[in-house]
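One structure is given below, encoded as structure tokens.
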Amino acid sequence: MKENILYAYHLEIDTIKEYKEYSVFEWNQKTYYFTKVKRSMEEFQELLMVMDELEQKKIPIFSFILNVEGSFLTSVNGALYVLVETENPNHEYSLVDMLNRNQFVVLNSKKSSLYRNEWGRLWSEKIDYLEYQVHEMGKKYPIILNSFSYFVGLAENAVCYVNSILKSGNPSNTMIVLSHRRVTFPNYRLNYDNPLNFIFDLEVRDIAEYLKNMVFLEDELPLIELKAYIELRHPDAYNLSLLYARLLYPSYYFDLHEKIINESEDEEKLLPIIDAIPKQEKFLKDAWILISKYVSIRPIDWIIKQEL
């Protein structure tokens with residue numbers, strides 16, 4: 001990639017780390033990511049609008065760098081890439097930071113392609129796709145083969161749960177905010193301030209992703225943070241039910257599953273997720289008990305009634 005970056009940006013790099021879909025290098029005391037764009041042109045143009053709004057409001061995000069042709073997009077072997085300039089990428093955002101940040105840009109018709117609001121359909125399509133993958137290639141991946149049915153079952157619970165909630169209607173106070181495809185824990189700038197991760201969705205999306213990833217590294221903190229979110233925002237039963245549906249859906253497993261199938265991660269990395277099943281189930285039970293102290297939401301019987 002050195003030659004491509006030199007040609008497109010006139011940057012002469014000494015060393016570069018190359019991965020399957022991105023490369024990383026240091027230049028002028030900053031870290032840069034030359035990364036593949038997995039967005040339609042419509043979405044990419046809307047992302048640029050979001051970035052402009054955030055920059056005008058002085059909200060710090062990572063910037064895209066123009067190439068020598070005056071474009072943010074650079075073609076390499078038929079794929080489109082952007083050069084992302086990062087600063088202080090290991091700064092960690094807290095739950096309160098997230099709540100303070102996510103309402104600075106409002107969804108409107110000009111950004112509609114970035115809105116992700118059909119969780120049940122998207123999850124069902126993902127399940128079908130991954131089941132096909134396992135059917136075709138499962139014998140090559142014994143850890144996936146032995147664990148997949150459990151996580152598909154959990155995902156199907158999440159689909160049924162969210163579909164039953166949506167049948168009840170969409171209250172007028174549902175908060176659509178600037179969100180992220182994924183939020184991790186710890187929540188570093190490297191992920192959170194990367195515009196390629198931006199979408200619009202319910203506020204509870206990012207909160208749920210943050211909490212369920214926290215469970216792998218912390219014991220009591222996820223429940224404490226969930227309580228803090230409820231007491232800061234006072235979400236209604238509809239939004240808390242959707243948050244719970246998102247907690248049920250094992251995106252952490254499916255994301256890694258796809259990376260393994262695409263040969264960008266080793267299958268052994270699934271083992272900590274599988275070992276943490278009891279912790280996740282306990283958190284799902286404790287989260288339902290906590291939420292039920294504030295609003296009435298439907299239980300998942302096998303989770304609530306189990307002995308942990």
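The way I read the labels, and the way they are meant: chains A, B, ... in the order of the structure tokens, residue 1 as the first residue of every chain, and ligand 1 as the first ligand shown, with later ones counted on from there.
Backbone DSSP assigns strand (DSSP E or B) in stretch 95-290 of chain A to Tyr115, Ile176, Val177, Leu178, Ser179, His180, Asn187, Tyr188, Phe198, Ile199, Phe200, Asp201 and Leu202 of chain A.
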Keeping only C-alpha atoms, take the residues you just selected and write them out as a compact mmCIF listing (two decimals), in the first residue's frame.
```txt
# COMPACT_ATOMS: atom_id res chain seq x y z
CA TYR A 115 -31.10 5.39 9.46
CA ILE A 176 -33.34 8.99 17.01
CA VAL A 177 -29.74 10.12 17.45
CA LEU A 178 -26.34 9.93 15.83
CA SER A 179 -25.30 6.36 16.56
CA HIS A 180 -22.71 3.79 15.55
CA ASN A 187 -15.12 2.70 24.07
CA TYR A 188 -12.06 4.22 22.45
CA PHE A 198 -21.72 6.51 12.01
CA ILE A 199 -25.40 5.75 11.46
CA PHE A 200 -28.68 7.05 12.90
CA ASP A 201 -30.75 4.90 15.22
CA LEU A 202 -32.45 4.79 18.59
```
Point to revise | Residue neighbourhood A:Gln306, 10 Å, only C-alpha atoms, exclusion window fewer than 5 positions, as number ranges by chain | key: A: 281-282, 285, 301
Practice item. From a DSSP pass on the backbone, collect the residues of stretch 14-212 of chain A flagged as alpha helix (DSSP H) and hand them back as an MDAnalysis selection string. Key: chainID A and resid 41:56 95:101 119:137 142:166 189:192 203:212
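Of the residues under consideration (A:Glu225, A:Asp275, A:Asp286, A:Asp97), A:Asp97 shows the shortest atom-to-atom contact distance to A:Ile59 when counting only C-alpha atoms.
Close contacts of stretch 142-151 of chain A, defined as residues with an atom at most 9 Å away when counting only C-alpha atoms, with chain neighbours fewer than 2 positions off set aside, comprise A:Glu131, A:Val134, A:Gly138, A:Lys139, A:Lys140, A:Gly153, A:Leu154, A:Ala155, A:Glu156, A:Tyr249, A:Pro250, A:Tyr253, A:Phe254, A:His257, A:Glu267, A:Glu268, A:Leu270, A:Leu271, A:Ile274.
Among the candidates A:Asn88, A:Gln133, A:Ser124, A:Asn4, the residue lying nearest to A:Val159 is A:Ser124 (atoms considered: only C-alpha atoms).
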Point to revise | Option closest in space to A:Met41, from A:Ser113, A:Asn191, A:Asn90, A:Asn28 [counting only C-alpha atoms] | key: A:Ser113
List the neighbours of A:Lys279 out to 9 Å using only C-alpha atoms; skip same-chain residues closer than 3 positions along the sequence, and give me the result as a PDB file with C-alpha atoms, in the first residue's frame.
```pdb
ATOM      1  CA  VAL A 215     -19.938  -7.875  30.499  1.00  0.00           C
ATOM      2  CA  PHE A 216     -16.869  -9.699  29.169  1.00  0.00           C
ATOM      3  CA  ASP A 219     -18.820  -8.057  36.700  1.00  0.00           C
ATOM      4  CA  ASP A 275     -16.810 -19.233  28.209  1.00  0.00           C
ATOM      5  CA  ALA A 276     -18.690 -16.030  29.115  1.00  0.00           C
ATOM      6  CA  LYS A 282     -26.756 -13.652  34.455  1.00  0.00           C
ATOM      7  CA  PHE A 283     -26.530 -10.094  33.177  1.00  0.00           C
ATOM      8  CA  LEU A 284     -29.646 -10.583  31.016  1.00  0.00           C
TER       9      LEU A 284
END
```
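Neighbours of A:Ser71 closer than or equal to 10 Å, with only C-alpha atoms counted and sequence neighbours fewer than 5 positions away skipped, come out as Ala8, Phe64, Ile65, Leu66 and Val82 of chain A.
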